[in-house]
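run-v1.tsv, holding TSV, N, CA and C atoms:
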```
chain	number	residue	atom	x	y	z
A	1	MET	N	33.15	14.04	23.99
A	1	MET	CA	32.41	13.65	22.81
A	1	MET	C	31.68	14.87	22.25
A	2	SER	N	31.76	15.03	20.95
A	2	SER	CA	31.11	16.15	20.29
A	2	SER	C	29.60	15.98	20.28
A	3	ASN	N	28.89	17.09	20.32
A	3	ASN	CA	27.43	17.07	20.25
A	3	ASN	C	26.95	17.26	18.82
A	4	ARG	N	27.86	17.21	17.85
A	4	ARG	CA	27.51	17.43	16.45
A	4	ARG	C	27.35	16.11	15.71
A	5	PHE	N	26.41	16.13	14.75
A	5	PHE	CA	26.12	14.93	13.97
A	5	PHE	C	25.91	15.34	12.53
A	6	CYS	N	26.52	14.62	11.59
A	6	CYS	CA	26.40	14.94	10.17
A	6	CYS	C	25.91	13.71	9.41
A	7	VAL	N	24.89	13.91	8.57
A	7	VAL	CA	24.39	12.86	7.68
A	7	VAL	C	24.78	13.25	6.27
A	8	ASN	N	25.49	12.39	5.57
A	8	ASN	CA	25.86	12.62	4.17
A	8	ASN	C	24.81	11.92	3.30
A	9	LEU	N	23.97	12.71	2.64
A	9	LEU	CA	22.88	12.17	1.84
A	9	LEU	C	23.25	12.30	0.37
A	10	THR	N	23.25	11.17	-0.35
A	10	THR	CA	23.64	11.16	-1.76
A	10	THR	C	22.50	10.89	-2.72
A	11	HIS	N	21.34	10.50	-2.19
A	11	HIS	CA	20.20	10.17	-3.06
A	11	HIS	C	19.04	11.11	-2.80
A	12	GLY	N	18.29	11.37	-3.84
A	12	GLY	CA	17.09	12.20	-3.74
A	12	GLY	C	15.92	11.44	-4.33
A	13	THR	N	15.25	12.05	-5.29
A	13	THR	CA	14.10	11.39	-5.90
A	13	THR	C	14.52	10.24	-6.80
A	14	ASP	N	15.81	10.09	-7.05
A	14	ASP	CA	16.29	8.93	-7.83
A	14	ASP	C	16.17	7.64	-7.02
A	15	ASP	N	16.21	7.75	-5.69
A	15	ASP	CA	16.05	6.60	-4.80
A	15	ASP	C	15.44	7.09	-3.49
A	16	VAL	N	14.13	7.23	-3.50
A	16	VAL	CA	13.41	7.83	-2.37
A	16	VAL	C	13.62	7.05	-1.08
A	17	ASP	N	13.73	5.74	-1.15
A	17	ASP	CA	13.95	4.94	0.06
A	17	ASP	C	15.26	5.33	0.74
A	18	ARG	N	16.32	5.43	-0.02
A	18	ARG	CA	17.63	5.80	0.56
A	18	ARG	C	17.61	7.23	1.07
A	19	ALA	N	16.96	8.13	0.35
A	19	ALA	CA	16.88	9.52	0.81
A	19	ALA	C	16.13	9.60	2.13
A	20	THR	N	15.06	8.84	2.25
A	20	THR	CA	14.25	8.85	3.46
A	20	THR	C	15.05	8.39	4.66
A	21	VAL	N	15.87	7.36	4.49
A	21	VAL	CA	16.68	6.85	5.61
A	21	VAL	C	17.57	7.95	6.17
A	22	GLY	N	18.18	8.74	5.29
A	22	GLY	CA	19.03	9.83	5.76
A	22	GLY	C	18.29	10.83	6.62
A	23	PHE	N	17.07	11.17	6.21
A	23	PHE	CA	16.27	12.12	6.98
A	23	PHE	C	15.77	11.50	8.29
A	24	VAL	N	15.47	10.23	8.30
A	24	VAL	CA	15.06	9.55	9.53
A	24	VAL	C	16.21	9.56	10.54
A	25	VAL	N	17.42	9.27	10.07
A	25	VAL	CA	18.60	9.28	10.95
A	25	VAL	C	18.84	10.69	11.48
A	26	ALA	N	18.73	11.70	10.61
A	26	ALA	CA	18.93	13.09	11.05
A	26	ALA	C	17.88	13.49	12.08
A	27	ASN	N	16.63	13.10	11.88
A	27	ASN	CA	15.59	13.41	12.85
A	27	ASN	C	15.83	12.72	14.18
A	28	ALA	N	16.35	11.50	14.15
A	28	ALA	CA	16.67	10.78	15.39
A	28	ALA	C	17.79	11.51	16.15
A	29	ALA	N	18.78	12.00	15.42
A	29	ALA	CA	19.87	12.75	16.06
A	29	ALA	C	19.35	14.03	16.69
A	30	LEU	N	18.46	14.73	15.98
A	30	LEU	CA	17.86	15.94	16.54
A	30	LEU	C	17.06	15.63	17.80
A	31	SER	N	16.32	14.55	17.75
A	31	SER	CA	15.51	14.14	18.92
A	31	SER	C	16.38	13.79	20.12
A	32	ALA	N	17.61	13.36	19.84
A	32	ALA	CA	18.55	13.02	20.91
A	32	ALA	C	19.32	14.25	21.40
A	33	GLY	N	18.95	15.42	20.87
A	33	GLY	CA	19.59	16.65	21.32
A	33	GLY	C	20.90	16.98	20.64
A	34	ARG	N	21.19	16.31	19.53
A	34	ARG	CA	22.45	16.56	18.82
A	34	ARG	C	22.28	17.72	17.84
A	35	GLU	N	23.31	18.53	17.68
A	35	GLU	CA	23.35	19.55	16.64
A	35	GLU	C	23.55	18.79	15.32
A	36	THR	N	22.59	18.87	14.40
A	36	THR	CA	22.57	18.00	13.23
A	36	THR	C	22.63	18.77	11.93
A	37	MET	N	23.42	18.25	11.01
A	37	MET	CA	23.56	18.84	9.68
A	37	MET	C	23.36	17.73	8.65
A	38	ILE	N	22.66	18.04	7.56
A	38	ILE	CA	22.55	17.09	6.44
A	38	ILE	C	23.38	17.65	5.30
A	39	PHE	N	24.38	16.88	4.88
A	39	PHE	CA	25.28	17.27	3.79
A	39	PHE	C	24.76	16.63	2.51
A	40	LEU	N	24.26	17.46	1.59
A	40	LEU	CA	23.69	16.96	0.34
A	40	LEU	C	24.73	16.90	-0.76
A	41	THR	N	24.89	15.73	-1.37
A	41	THR	CA	25.81	15.57	-2.49
A	41	THR	C	25.12	14.76	-3.59
A	42	ILE	N	25.73	14.75	-4.76
A	42	ILE	CA	25.28	14.00	-5.92
A	42	ILE	C	23.80	14.34	-6.21
A	43	ASP	N	22.91	13.35	-6.30
A	43	ASP	CA	21.50	13.60	-6.64
A	43	ASP	C	20.72	14.25	-5.50
A	44	ALA	N	21.19	14.13	-4.28
A	44	ALA	CA	20.48	14.72	-3.14
A	44	ALA	C	20.47	16.24	-3.19
A	45	VAL	N	21.41	16.85	-3.90
A	45	VAL	CA	21.47	18.31	-3.99
A	45	VAL	C	20.15	18.88	-4.50
A	46	ARG	N	19.50	18.17	-5.37
A	46	ARG	CA	18.23	18.65	-5.94
A	46	ARG	C	17.13	18.77	-4.90
A	47	LEU	N	17.27	18.08	-3.78
A	47	LEU	CA	16.27	18.17	-2.71
A	47	LEU	C	16.20	19.57	-2.12
A	48	ALA	N	17.23	20.37	-2.32
A	48	ALA	CA	17.25	21.73	-1.81
A	48	ALA	C	16.45	22.70	-2.68
A	49	VAL	N	15.99	22.24	-3.84
A	49	VAL	CA	15.20	23.07	-4.75
A	49	VAL	C	13.73	22.94	-4.38
A	50	ARG	N	13.11	24.05	-4.03
A	50	ARG	CA	11.69	24.03	-3.62
A	50	ARG	C	10.83	23.33	-4.66
A	51	GLY	N	10.05	22.39	-4.20
A	51	GLY	CA	9.11	21.68	-5.06
A	51	GLY	C	9.67	20.43	-5.72
A	52	HIS	N	10.98	20.25	-5.72
A	52	HIS	CA	11.57	19.10	-6.41
A	52	HIS	C	11.11	17.77	-5.80
A	53	ALA	N	10.98	17.75	-4.50
A	53	ALA	CA	10.62	16.49	-3.83
A	53	ALA	C	9.12	16.34	-3.61
A	54	ASP	N	8.33	17.29	-4.12
A	54	ASP	CA	6.88	17.18	-3.96
A	54	ASP	C	6.39	15.84	-4.50
A	55	GLY	N	5.65	15.14	-3.69
A	55	GLY	CA	5.11	13.85	-4.10
A	55	GLY	C	6.05	12.68	-3.87
A	56	ALA	N	7.31	12.94	-3.52
A	56	ALA	CA	8.25	11.86	-3.24
A	56	ALA	C	7.88	11.24	-1.89
A	57	GLN	N	7.68	9.94	-1.88
A	57	GLN	CA	7.22	9.29	-0.66
A	57	GLN	C	7.70	7.85	-0.61
A	58	ALA	N	8.46	7.52	0.42
A	58	ALA	CA	8.86	6.13	0.64
A	58	ALA	C	7.71	5.41	1.34
A	59	ALA	N	7.60	4.14	1.11
A	59	ALA	CA	6.52	3.36	1.71
A	59	ALA	C	6.55	3.47	3.23
A	60	GLY	N	5.41	3.75	3.82
A	60	GLY	CA	5.30	3.84	5.26
A	60	GLY	C	5.54	5.22	5.84
A	61	PHE	N	5.85	6.21	4.98
A	61	PHE	CA	6.12	7.56	5.44
A	61	PHE	C	5.19	8.55	4.75
A	62	ALA	N	4.94	9.67	5.42
A	62	ALA	CA	4.09	10.71	4.84
A	62	ALA	C	4.84	11.39	3.69
A	63	PRO	N	4.11	11.95	2.73
A	63	PRO	CA	4.77	12.67	1.61
A	63	PRO	C	5.61	13.83	2.13
A	64	SER	N	6.64	14.20	1.36
A	64	SER	CA	7.50	15.33	1.74
A	64	SER	C	6.70	16.62	1.66
A	65	GLN	N	7.16	17.62	2.41
A	65	GLN	CA	6.51	18.93	2.41
A	65	GLN	C	7.53	19.99	2.07
A	66	SER	N	7.18	20.91	1.20
A	66	SER	CA	8.08	22.01	0.83
A	66	SER	C	8.00	23.11	1.84
```
Could you render the structure as structure tokens?
Amino acid sequence: MSNRFCVNLTHGTDDVDRATVGFVVANAALSAGRETMIFLTIDAVRLAVRGHADGAQAAGFAPSQS
């Protein structure tokens, strides 16, 4: 079994709840010792731009940090 894990994230600030789920899953994989990659496509690509996600916050989670 491979130790690699990939999350395909398609949403960014257009749907903060969906974007947050992708990062939660990626963090869980990292915590389990898996080599983890987040593949950003569609609107999620903008998350790679510094400051774009500032203030984006799904209910129950801390605000994003640049």
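Going from atom C of Val49 of chain A over to atom N of Asp14 of chain A, you cover 13.3 Å.
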### Task
Name the residues of chain A that come out as alpha helix (DSSP H) in a backbone DSSP run; write them as an MDAnalysis selection string.
chainID A and resid 16:31
### Task
For atom N of Ala53 of chain A and atom N of Thr13 of chain A, quote the distance in Å rounded to one decimal.
7.2 Å
### Task
Enter the distance from atom CA of Asp17 of chain A to atom CA of Ala32 of chain A, in Å, rounded to one decimal.
22.8 Å
### Task
Compile the contact shell of Leu47 of chain A as a ChimeraX atom specification: residues with an atom at most 8 Å away, counting all atoms listed in the file, same-chain residues fewer than 4 positions apart removed.
/A:11-13,40,42-43,51-53
Please enclose the listed atoms of segment 22-25 of chain A in an axis-aligned box, pad each side by 8 Å, and write out the centre and the three edge lengths in Å, rounded to one decimal, as lines of an AutoDock Vina configuration file.
```
center_x = 17.0
center_y = 10.4
center_z = 8.4
size_x = 20.0
size_y = 19.4
size_z = 22.2
```
### Which of chain A DSSP labels strand (DSSP E), written as a ChimeraX atom specification
/A:4-9,35-40
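Counting only C-alpha atoms, Thr41 of chain A has the following residues at most 8 Å away, ignoring those fewer than 6 positions along the same chain: Asn8, Leu9, Thr10 and His11 of chain A.
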Please identify all polymer residues within 6.5 Å of Phe5 of chain A, counting only N, CA and C atoms, omitting same-chain residues fewer than 3 positions from it, and present them as a tab-separated table (two decimals) with N, CA and C atoms, in the frame of the given file.
```
chain	number	residue	atom	x	y	z
A	2	SER	N	31.76	15.03	20.95
A	2	SER	CA	31.11	16.15	20.29
A	2	SER	C	29.60	15.98	20.28
A	34	ARG	N	21.19	16.31	19.53
A	34	ARG	CA	22.45	16.56	18.82
A	34	ARG	C	22.28	17.72	17.84
A	35	GLU	N	23.31	18.53	17.68
A	35	GLU	CA	23.35	19.55	16.64
A	35	GLU	C	23.55	18.79	15.32
A	36	THR	N	22.59	18.87	14.40
A	36	THR	CA	22.57	18.00	13.23
A	36	THR	C	22.63	18.77	11.93
A	37	MET	N	23.42	18.25	11.01
A	37	MET	CA	23.56	18.84	9.68
A	37	MET	C	23.36	17.73	8.65
```
### Task
Determine, counting only N, CA and C atoms, which protein, DNA and RNA residues have an atom within 8 Å of an atom of segment 25-27 of chain A; residues of the same chain fewer than 2 positions away are not included. Present the result as an NGL selection string.
:A and (5-7 or 20-23 or 29-33 or 36-38)
